[in-house]
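Novice: To be precise about what I am sending: the file is called run16.txt and holds compact mmCIF, C-alpha atoms and all ligand atoms.
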# COMPACT_ATOMS: atom_id res chain seq x y z
CA MET A 1 47.25 36.63 113.95
CA SER A 2 45.60 39.89 113.00
CA GLY A 3 45.93 39.13 109.28
CA ILE A 4 43.49 36.27 109.72
CA ILE A 5 41.15 38.24 111.93
CA PHE A 6 41.00 41.23 109.63
CA GLY A 7 41.04 39.36 106.32
CA LYS A 8 42.93 40.08 103.11
CA GLU A 9 42.00 43.75 103.14
CA GLY A 10 43.53 44.17 106.60
CA TRP A 11 41.97 46.45 109.19
CA THR A 12 39.86 49.20 107.69
CA PRO A 13 37.43 51.70 109.20
CA LYS A 14 34.59 49.42 108.06
CA ARG A 15 35.29 47.60 111.32
CA LEU A 16 34.45 50.66 113.41
CA ASP A 17 31.27 50.39 115.47
CA ASN A 18 29.28 53.27 116.79
CA LEU A 19 31.65 55.12 119.17
CA THR A 20 29.11 57.35 120.92
CA GLY A 21 30.15 57.80 124.53
CA LYS A 22 33.83 57.05 123.84
CA THR A 23 36.55 59.67 124.35
CA TYR A 24 39.89 59.76 122.56
CA VAL A 25 42.76 62.06 123.43
CA ILE A 26 45.18 62.52 120.53
CA THR A 27 48.44 64.44 120.50
CA GLY A 28 49.26 66.44 117.36
CA ALA A 29 45.82 66.07 115.83
CA ASN A 30 45.46 69.33 113.91
CA THR A 31 46.99 67.81 110.79
CA GLY A 32 48.29 64.58 109.23
CA ALA A 33 47.50 61.15 110.61
CA GLY A 34 46.22 62.60 113.90
CA PHE A 35 43.71 64.78 112.06
CA GLU A 36 42.58 61.86 109.91
CA ALA A 37 42.25 59.69 113.02
CA SER A 38 40.09 62.41 114.59
CA LYS A 39 37.87 62.40 111.51
CA LEU A 40 37.39 58.64 111.60
CA LEU A 41 36.55 58.68 115.30
CA LEU A 42 34.19 61.65 115.03
CA SER A 43 32.43 60.03 112.06
CA LYS A 44 31.32 57.31 114.49
CA GLY A 45 30.12 59.73 117.17
CA ALA A 46 33.16 59.68 119.48
CA GLU A 47 34.46 62.66 121.41
CA VAL A 48 37.97 63.77 120.41
CA LEU A 49 40.22 65.94 122.54
CA MET A 50 43.27 67.13 120.66
CA LEU A 51 46.49 68.09 122.43
CA ASN A 52 48.14 70.47 119.99
CA ARG A 53 50.87 73.06 120.21
CA ASN A 54 49.39 75.65 117.88
CA PRO A 55 46.05 77.31 118.81
CA LEU A 56 45.44 78.84 115.37
CA LYS A 57 46.00 75.57 113.53
CA SER A 58 43.85 73.82 116.13
CA GLU A 59 40.96 76.23 115.70
CA ALA A 60 41.17 75.84 111.92
CA ALA A 61 41.17 72.04 112.26
CA ILE A 62 38.18 72.11 114.60
CA SER A 63 36.26 74.42 112.32
CA ASN A 64 36.98 72.04 109.44
CA LEU A 65 35.75 69.08 111.45
CA LYS A 66 32.62 70.91 112.58
CA GLN A 67 31.86 71.77 108.97
CA GLU A 68 32.06 68.09 108.14
CA PHE A 69 30.35 66.60 111.19
CA GLY A 70 28.12 69.47 112.34
CA VAL A 71 28.46 72.10 115.04
CA GLY A 72 27.53 69.53 117.66
CA ALA A 73 30.58 67.38 116.87
CA LYS A 74 32.39 66.71 120.11
CA VAL A 75 35.86 67.98 119.31
CA GLY A 76 38.06 70.34 121.26
CA PHE A 77 41.70 71.06 121.96
CA ILE A 78 44.03 71.82 124.80
CA ARG A 79 47.27 73.58 124.10
CA MET A 80 50.24 71.35 124.77
CA ASP A 81 53.78 71.73 123.54
CA LEU A 82 55.67 68.48 123.94
CA ALA A 83 58.89 70.48 123.71
CA GLU A 84 58.14 72.02 127.14
CA LEU A 85 57.61 69.61 130.00
CA ASP A 86 55.78 72.28 132.00
CA SER A 87 53.31 72.61 129.16
CA VAL A 88 52.77 68.82 129.23
CA ARG A 89 52.11 68.98 132.99
CA THR A 90 49.63 71.82 132.61
CA ALA A 91 47.88 70.12 129.69
CA ALA A 92 47.59 66.81 131.57
CA ASN A 93 45.91 68.61 134.47
CA GLN A 94 43.51 70.27 132.03
CA VAL A 95 42.73 66.93 130.40
CA ILE A 96 41.82 65.45 133.77
CA VAL A 97 39.42 68.32 134.41
CA SER A 98 37.98 68.36 130.87
CA VAL A 99 37.17 64.71 130.22
CA PRO A 100 35.92 62.31 132.88
CA LYS A 101 37.06 59.28 130.92
CA ILE A 102 39.68 58.43 128.34
CA ASP A 103 39.14 55.37 126.18
CA ALA A 104 42.49 55.82 124.48
CA LEU A 105 45.39 58.22 124.62
CA ILE A 106 46.99 58.24 121.18
CA CYS A 107 50.61 59.42 121.26
CA ASN A 108 50.70 60.62 117.68
CA ALA A 109 52.52 63.98 117.59
CA ALA A 110 56.09 64.12 116.33
CA ILE A 111 58.76 66.09 114.61
CA ALA A 112 61.10 64.39 112.17
CA GLN A 113 64.46 64.76 110.50
CA VAL A 114 65.14 68.17 112.05
CA PRO A 115 68.11 69.36 109.95
CA LYS A 116 70.26 70.81 112.75
CA GLN A 117 70.64 69.83 116.40
CA LYS A 118 68.06 71.78 118.39
CA PHE A 119 66.94 71.61 122.00
CA THR A 120 63.64 71.58 123.81
CA THR A 121 62.99 74.09 126.57
CA ASP A 122 64.27 71.54 129.07
CA GLY A 123 67.52 71.07 127.14
CA PHE A 124 66.90 67.78 125.33
CA GLU A 125 67.72 67.06 121.70
CA SER A 126 64.49 68.16 120.07
CA GLN A 127 63.31 64.89 118.50
CA LEU A 128 63.99 62.81 121.60
CA GLY A 129 62.49 65.56 123.75
CA VAL A 130 59.25 65.98 121.77
CA ASN A 131 58.65 62.46 120.54
CA HIS A 132 59.80 60.43 123.52
CA TYR A 133 60.25 62.45 126.74
CA GLY A 134 57.12 64.56 126.19
CA HIS A 135 54.95 61.49 125.63
CA PHE A 136 56.66 59.52 128.43
CA LEU A 137 55.61 62.23 130.88
CA LEU A 138 52.12 62.62 129.41
CA CYS A 139 51.42 58.87 129.66
CA GLY A 140 52.62 58.87 133.25
CA LEU A 141 50.46 61.83 134.22
CA LEU A 142 47.33 60.39 132.61
CA PHE A 143 47.90 56.79 133.67
CA GLU A 144 45.62 56.80 136.72
CA ARG A 145 42.75 58.32 134.73
CA LEU A 146 43.30 55.83 131.91
CA GLU A 147 43.25 52.93 134.32
CA ALA A 148 40.22 54.20 136.21
CA THR A 149 38.24 54.49 132.98
CA ASN A 150 39.41 51.30 131.30
CA GLY A 151 41.51 53.21 128.79
CA ARG A 152 44.49 52.27 126.70
CA ILE A 153 47.62 53.90 125.35
CA VAL A 154 48.53 53.83 121.67
CA VAL A 155 52.10 54.67 120.77
CA VAL A 156 52.63 55.73 117.17
CA GLY A 157 56.09 54.59 116.18
CA SER A 158 57.79 54.53 112.82
CA GLU A 159 59.54 52.09 110.55
CA GLY A 160 62.39 54.53 111.11
CA TYR A 161 63.07 52.72 114.40
CA LYS A 162 65.24 50.32 112.38
CA MET A 163 66.87 52.87 110.06
CA GLY A 164 69.19 54.42 112.61
CA ILE A 165 71.70 53.10 115.14
CA LYS A 166 69.27 50.40 116.36
CA THR A 167 69.89 51.13 120.03
CA ILE A 168 69.81 53.98 122.49
CA GLN A 169 72.84 56.22 122.58
CA PHE A 170 73.15 56.40 126.35
CA ASP A 171 76.57 58.07 126.34
CA ASP A 172 75.30 61.00 124.25
CA MET A 173 71.50 61.28 124.40
CA ASN A 174 71.66 64.78 122.89
CA TRP A 175 73.77 63.70 119.91
CA ASP A 176 76.40 66.36 120.61
CA LYS A 177 79.07 64.36 118.79
CA ASN A 178 77.28 62.81 115.84
CA TYR A 179 73.99 64.64 115.17
CA ASN A 180 72.32 63.30 112.06
CA PRO A 181 68.75 64.36 111.16
CA MET A 182 67.61 60.86 110.17
CA HIS A 183 69.50 58.78 112.73
CA THR A 184 68.44 61.08 115.52
CA TYR A 185 64.77 60.89 114.46
CA CYS A 186 65.05 57.09 114.28
CA HIS A 187 66.57 57.07 117.77
CA SER A 188 63.57 58.98 119.14
CA LYS A 189 61.06 56.63 117.48
CA LEU A 190 62.96 53.58 118.76
CA ALA A 191 62.85 55.13 122.24
CA GLN A 192 59.05 55.52 121.98
CA ILE A 193 58.59 51.92 120.88
CA MET A 194 60.91 50.56 123.60
CA PHE A 195 59.08 52.62 126.20
CA ALA A 196 55.75 51.10 125.13
CA TYR A 197 56.89 47.47 125.42
CA GLU A 198 58.63 48.19 128.72
CA LEU A 199 55.48 49.87 130.04
CA GLN A 200 53.47 46.74 129.17
CA ASP A 201 55.87 44.58 131.20
CA ARG A 202 55.78 46.93 134.17
CA ILE A 203 51.97 47.11 134.13
CA LYS A 204 51.76 43.33 134.01
CA ALA A 205 54.28 42.86 136.82
CA VAL A 206 52.16 44.86 139.26
CA ASP A 207 48.82 43.65 137.93
CA ARG A 208 47.64 47.04 136.77
CA HIS A 209 45.22 47.44 133.88
CA VAL A 210 46.02 49.70 130.97
CA GLY A 211 46.51 48.16 127.53
CA VAL A 212 49.45 49.53 125.55
CA TYR A 213 49.59 49.10 121.78
CA VAL A 214 52.30 49.95 119.29
CA CYS A 215 51.74 50.87 115.67
CA HIS A 216 53.20 52.88 112.80
CA PRO A 217 51.58 54.63 109.83
CA GLY A 218 53.89 53.31 107.10
CA ALA A 219 54.81 56.05 104.65
CA SER A 220 51.98 58.54 104.51
CA ALA A 221 51.51 61.86 102.75
CA THR A 222 51.37 64.18 105.76
CA SER A 223 53.14 67.41 106.67
CA LEU A 224 55.74 65.68 108.87
CA ILE A 225 58.82 66.31 106.74
CA LYS A 226 57.44 69.56 105.30
CA ASN A 227 57.04 70.92 108.84
CA SER A 228 60.26 69.86 110.46
CA GLY A 229 62.63 68.40 107.86
CA GLY A 230 65.39 70.13 105.89
CA LEU A 231 65.06 71.27 102.27
CA LYS A 232 66.61 68.15 100.71
CA ASP A 233 64.39 65.80 102.71
CA ARG A 234 61.33 67.92 101.92
CA ILE A 235 62.04 67.64 98.21
CA ILE A 236 62.72 63.89 98.37
CA PHE A 237 59.61 63.13 100.43
CA GLY A 238 57.51 65.51 98.29
CA LEU A 239 58.51 63.56 95.18
CA MET A 240 58.01 60.20 96.86
CA SER A 241 54.53 61.28 97.96
CA ILE A 242 53.31 61.32 94.39
CA THR A 243 54.40 57.72 93.83
CA PRO A 244 52.71 54.51 95.05
CA LEU A 245 55.48 54.19 97.65
CA VAL A 246 53.53 56.58 99.84
CA GLN A 247 49.89 56.26 100.87
CA SER A 248 47.31 58.83 101.93
CA ALA A 249 47.33 60.43 105.38
CA GLU A 250 43.94 58.80 105.95
CA LYS A 251 45.39 55.32 105.46
CA GLY A 252 48.25 56.34 107.73
CA ALA A 253 45.67 56.85 110.47
CA TYR A 254 44.22 53.33 110.24
CA PRO A 255 46.77 51.60 112.52
CA GLU A 256 46.35 54.11 115.35
CA VAL A 257 42.56 54.09 115.06
CA MET A 258 42.60 50.30 115.01
CA CYS A 259 44.76 50.17 118.15
CA ALA A 260 42.51 52.70 119.87
CA THR A 261 39.20 51.01 119.07
CA GLU A 262 39.52 47.35 118.13
CA ALA A 263 38.36 44.79 120.72
CA GLU A 264 41.15 43.72 123.04
CA ARG A 265 40.68 40.08 122.09
CA ASN A 266 41.61 40.90 118.48
CA LEU A 267 44.87 42.66 119.35
CA ASN A 268 48.14 41.50 120.81
CA GLN A 269 50.05 44.01 122.90
CA LYS A 270 53.43 42.55 122.04
CA ALA A 271 52.69 42.99 118.34
CA TYR A 272 53.64 45.93 116.14
CA TYR A 273 50.85 47.03 113.82
CA GLY A 274 50.91 48.91 110.55
CA PRO A 275 50.74 48.46 106.80
CA THR A 276 51.95 44.99 105.85
CA GLY A 277 52.65 45.55 102.12
CA ARG A 278 55.83 46.63 100.35
CA MET A 279 58.54 47.45 102.92
CA GLN A 280 55.70 47.81 105.46
CA TRP A 281 55.18 51.31 104.03
CA THR A 282 51.76 50.72 102.46
CA GLY A 283 49.23 47.91 102.18
CA PRO A 284 46.68 46.12 104.36
CA VAL A 285 46.93 46.97 108.04
CA GLY A 286 47.86 44.08 110.29
CA GLU A 287 50.74 42.74 112.31
CA CYS A 288 54.18 43.77 111.03
CA LYS A 289 57.58 42.25 111.59
CA LEU A 290 59.39 43.81 114.53
CA GLU A 291 63.17 43.62 114.97
CA PRO A 292 64.19 42.02 118.30
CA PHE A 293 66.38 44.97 119.35
CA ALA A 294 63.17 47.00 119.84
CA GLN A 295 62.35 44.75 122.80
CA ASP A 296 65.84 44.53 124.29
CA LYS A 297 65.11 44.40 128.00
CA GLU A 298 68.42 45.76 129.23
CA VAL A 299 68.27 48.79 126.97
CA ALA A 300 64.59 49.39 127.74
CA THR A 301 65.19 49.29 131.50
CA LYS A 302 68.05 51.75 131.23
CA LEU A 303 65.99 54.02 128.97
CA TRP A 304 63.15 53.97 131.50
CA LYS A 305 65.45 55.12 134.31
CA ILE A 306 66.97 57.87 132.18
CA SER A 307 63.53 59.03 131.07
CA GLU A 308 62.24 59.24 134.64
CA LYS A 309 65.22 61.35 135.57
CA ALA A 310 64.96 63.57 132.48
CA THR A 311 61.25 64.25 132.99
CA ASN A 312 61.49 64.39 136.78
CA PHE A 313 58.57 61.97 136.87
CA LYS A 314 58.60 58.73 138.83
CA TRP A 315 56.10 56.06 137.87
CA ASN A 316 54.59 54.05 140.72
CA PHE A 317 55.97 50.82 139.29
N1 LIG Q 401 54.04 60.46 107.64
C1 LIG Q 401 54.81 59.40 107.62
O1 LIG Q 401 55.19 58.87 106.57
C2 LIG Q 401 55.24 58.80 108.92
C3 LIG Q 401 56.12 57.71 108.86
C4 LIG Q 401 56.48 57.09 110.05
C5 LIG Q 401 55.98 57.54 111.25
N2 LIG Q 401 55.15 58.63 111.27
C6 LIG Q 401 54.63 59.03 112.59
O2 LIG Q 401 53.24 59.34 112.46
C7 LIG Q 401 52.87 60.26 113.49
C8 LIG Q 401 52.01 61.36 112.90
O3 LIG Q 401 52.82 62.17 112.07
P1 LIG Q 401 52.29 62.77 110.69
O4 LIG Q 401 53.01 62.08 109.63
O5 LIG Q 401 50.83 62.85 110.67
O6 LIG Q 401 52.95 64.25 110.79
P2 LIG Q 401 52.32 65.72 110.79
O7 LIG Q 401 51.32 65.85 109.71
O8 LIG Q 401 53.47 66.66 110.79
O9 LIG Q 401 51.61 65.79 112.21
C9 LIG Q 401 52.38 65.84 113.39
C10 LIG Q 401 51.61 66.54 114.47
O10 LIG Q 401 52.47 66.65 115.62
C11 LIG Q 401 52.40 67.97 116.10
N3 LIG Q 401 53.57 68.37 116.86
C12 LIG Q 401 54.84 68.54 116.43
N4 LIG Q 401 55.60 69.00 117.42
C13 LIG Q 401 54.82 69.11 118.51
C14 LIG Q 401 55.03 69.56 119.84
N5 LIG Q 401 56.21 70.04 120.25
N6 LIG Q 401 53.99 69.54 120.70
C15 LIG Q 401 52.77 69.12 120.30
N7 LIG Q 401 52.50 68.71 119.06
C16 LIG Q 401 53.52 68.72 118.17
C17 LIG Q 401 52.23 68.81 114.85
O11 LIG Q 401 51.80 70.10 115.18
P3 LIG Q 401 52.01 71.33 114.15
O12 LIG Q 401 50.94 71.21 113.10
O13 LIG Q 401 51.84 72.52 115.03
O14 LIG Q 401 53.37 71.20 113.56
C18 LIG Q 401 51.20 67.97 114.12
O15 LIG Q 401 49.93 68.23 114.65
C19 LIG Q 401 54.19 60.73 114.11
O16 LIG Q 401 54.38 60.03 115.33
C20 LIG Q 401 55.27 60.31 113.12
O17 LIG Q 401 56.51 60.04 113.72
C21 LIG Q 401 54.79 59.26 110.14
Let me see the structure of the file written as structure tokens.
Ligand SMILES: NC(=O)c1ccc[n+]([C@@H]2O[C@H](COP(=O)([O-])OP(=O)(O)OC[C@H]3O[C@@H](n4cnc5c(N)ncnc54)[C@H](OP(=O)(O)O)[C@@H]3O)[C@@H](O)[C@H]2O)c1

Specialist:
Amino acid sequence: MSGIIFGKEGWTPKRLDNLTGKTYVITGANTGAGFEASKLLLSKGAEVLMLNRNPLKSEAAISNLKQEFGVGAKVGFIRMDLAELDSVRTAANQVIVSVPKIDALICNAAIAQVPKQKFTTDGFESQLGVNHYGHFLLCGLLFERLEATNGRIVVVGSEGYKMGIKTIQFDDMNWDKNYNPMHTYCHSKLAQIMFAYELQDRIKAVDRHVGVYVCHPGASATSLIKNSGGLKDRIIFGLMSITPLVQSAEKGAYPEVMCATEAERNLNQKAYYGPTGRMQWTGPVGECKLEPFAQDKEVATKLWKISEKATNFKWNF
């Protein structure tokens, strides 16, 4: 178990080796856990390619990182809006041209607790569209490159996966009848997690070679709720953020950095990694308890089919 491997302190960046020559592609890396993950990776000499929706915020983030790590720091961005599948397709093509290898694709970007039902450009409920469908397509489009360069996929989930309806609402994927900011966010994070475990099974069945890891950042002081949540949730999370219930954004980045960099032999793909302390919101990073419904095969298979149709992308397996 990871707890034993990583000791009482859990996984920390002290375990990071020199990462010169490694390339990490991170979605939503201009702020929050993605930005902190970029910092940790750059601090060890890696190259980081951010896939962000906002050019101005991206330029500001890059300038910040170059101030910290020098003008030669290998960090860039490609514009990608997960709420537009065409933008994901264009960005994936640009990634393939820009970086010859990908050591890990970190699916980090998200929106959360959007107060009113909204739709992506392609007509999907916004949280499911951005968090799940956008990443489903991106992973599919980058899969060959990941496999060719011995890369892995890291899916950033959320403890929210168990705070909603605990399954996929196949009869109303857009939540037309019962939209609820929290439940609908939880639904999208459960979809992401189910996709990751299903992808592992499919890769194994056809003897392909891309590792897929699942983690969550616990409760971390980022701009997630401030950016997409409603007023009440912003106030509640703002207040919680100044209590020990919530950890720093940097600590929130540890699980995804661990999954992107730690030696394969020290990780278990079927595990779910994150803070292991109180409520799994904070504390030493290691293997967390995962509820069995997150690996329900029947639901995952159905979700896969629906996601292929929604994104108009067919995997080869
Ligand atoms: N913070 C927590 O307590 C917590 C708890 C559980 C899970 N998580 C998960 O942790 C991950 C990181 O979130 P965070 O807390 O660091 O939040 P954050 O600070 O808000 O960062 C989210 C990032 O995603 C980007 N993003 C949002 N919509 C996008 C779109 N349509 N296309 C491309 N990028 C988009 C944001 O870009 P903009 O800057 O342009 O908005 C931002 O860069 C997410 O997967 C989230 O679900 C966080």

Novice: Identify which of the residues A:Ala112, A:Met173, A:Ile96, A:Ile106 lies closest to Leu142 in chain A, counting all atoms listed in the file when measuring atom-to-atom distances.

Specialist: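 Of all the options, A:Ile96 lies closest to Leu142 in chain A.
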
Novice: Residues of chain A that have any atom at most 7 Å from an atom of ligand LIG 401 (chain Q): could you tabulate them with the shortest-distance atom pair and the distance in Å to one decimal, using only C-alpha atoms and all ligand atoms, ordered by chain and increasing number, as CSV?

Specialist:
residue,atom,partner,partner_atom,distance
A:Thr27,CA,Q:LIG401,N7,6.1
A:Gly28,CA,Q:LIG401,O15,3.3
A:Ala29,CA,Q:LIG401,O15,4.8
A:Asn30,CA,Q:LIG401,O15,4.7
A:Thr31,CA,Q:LIG401,O15,4.9
A:Gly32,CA,Q:LIG401,O7,3.3
A:Ala33,CA,Q:LIG401,O5,3.7
A:Gly34,CA,Q:LIG401,O5,5.6
A:Leu51,CA,Q:LIG401,C15,6.7
A:Asn52,CA,Q:LIG401,N7,4.8
A:Arg53,CA,Q:LIG401,C15,4.4
A:Asn54,CA,Q:LIG401,O13,4.9
A:Lys57,CA,Q:LIG401,O12,6.6
A:Met80,CA,Q:LIG401,C15,5.6
A:Asp81,CA,Q:LIG401,N6,3.6
A:Leu82,CA,Q:LIG401,N6,3.8
A:Ala83,CA,Q:LIG401,N5,4.4
A:Asn108,CA,Q:LIG401,O16,4.4
A:Ala109,CA,Q:LIG401,O10,3.3
A:Ala110,CA,Q:LIG401,O10,4.5
A:Ile111,CA,Q:LIG401,C12,5.0
A:Ala112,CA,Q:LIG401,O17,6.5
A:Val130,CA,Q:LIG401,N5,5.3
A:Val156,CA,Q:LIG401,O16,5.0
A:Gly157,CA,Q:LIG401,C5,5.7
A:Ser158,CA,Q:LIG401,C5,3.8
A:Glu159,CA,Q:LIG401,C4,5.9
A:Gly160,CA,Q:LIG401,C4,6.5
A:Lys189,CA,Q:LIG401,O17,6.8
A:His216,CA,Q:LIG401,C5,5.6
A:Pro217,CA,Q:LIG401,C5,5.5
A:Gly218,CA,Q:LIG401,C3,5.2
A:Ala219,CA,Q:LIG401,O1,3.4
A:Ser220,CA,Q:LIG401,O1,3.8
A:Ala221,CA,Q:LIG401,N1,5.7
A:Thr222,CA,Q:LIG401,O7,4.3
A:Ser223,CA,Q:LIG401,O7,3.9
A:Leu224,CA,Q:LIG401,O8,3.1
A:Ile225,CA,Q:LIG401,O8,6.7
A:Asn227,CA,Q:LIG401,O8,5.9
A:Ala249,CA,Q:LIG401,O5,6.8

Novice: Between A:Glu198, A:Glu84, A:Glu298, A:Glu287, which has the minimum distance to Asn131 in chain A (counting all atoms listed in the file)?

Specialist: A:Glu84

Novice: How many Å separate CA of Leu105 in chain A from CA of Pro292 in chain A?

Specialist: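 Computing the Euclidean distance for CA of Leu105 in chain A and CA of Pro292 in chain A yields 25.6 Å.
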
Novice: Go through A:His135, A:Arg265, A:Lys166, A:Arg202 and flag the residue nearest Val299 in chain A, using all atoms listed in the file for the distances.

Specialist: A:Lys166

Novice: Would you mind telling me which residue in A:Tyr273, A:Lys289, A:Ser228, A:Ala104 lies nearest to Val210 in chain A when using all atoms listed in the file?

Specialist: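 So, comparing all the options, the nearest one is A:Ala104.
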
Novice: State, in Å with one decimal place, the distance from CA of Phe6 in chain A to CA of Val214 in chain A.

Specialist: 17.2 Å

Novice: Between A:Gln94, A:Ser307, A:Gln269, A:Gln67, which has the minimum distance to Lys204 in chain A (counting all atoms listed in the file)?

Specialist: A:Gln269

Novice: Rounded to one decimal in Å, what is the spacing between CA of Leu190 in chain A and CA of Lys302 in chain A?

Specialist: 13.6 Å

Novice: Ranking A:Pro13, A:Gly123, A:Gly283, A:Gly76 by minimum distance to Leu245 in chain A and counting all atoms listed in the file, which one comes first?

Specialist: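 Closest to Leu245 in chain A of all the choices is A:Gly283.
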
Novice: Near Trp315 in chain A, counting only C-alpha atoms, which residues have an atom at most 7 Å away, once you skip same-chain residues fewer than 2 positions from it, shown as number ranges by chain?

Specialist: A: 140, 313, 317

Novice: Applying 10 Å and all atoms listed in the file, which residues near Gln113 in chain A remain after dropping the ones on its own chain fewer than 2 positions away? List them as a VMD selection string.

Specialist: chain A and resid 111 115 to 117 127 180 to 186 224 to 230 233 to 234

Novice: If you count all atoms listed in the file, which residues fall within 9 Å of range 44-50 of chain A, apart from same-chain ones fewer than 2 positions away, as a ChimeraX atom specification?

Specialist: /A:16-30,34-35,38-42,52,58,73-79,95,98-99

Novice: So that I can see what lies close to Glu147 in chain A, please list as a PyMOL selection string the residues with an atom at most 7 Å from it, counting only C-alpha atoms and leaving out residues fewer than 4 positions away in the same chain.

Specialist: chain A and resi 143+151+209-210

Novice: Assuming 4 Å of padding per side, give the centre and edge lengths of the axis-aligned box around every listed atom of range 146-149 of chain A, in Å to one decimal and as lines of an AutoDock Vina configuration file.

Specialist:
center_x = 40.8
center_y = 54.4
center_z = 134.1
size_x = 13.1
size_y = 10.9
size_z = 12.3
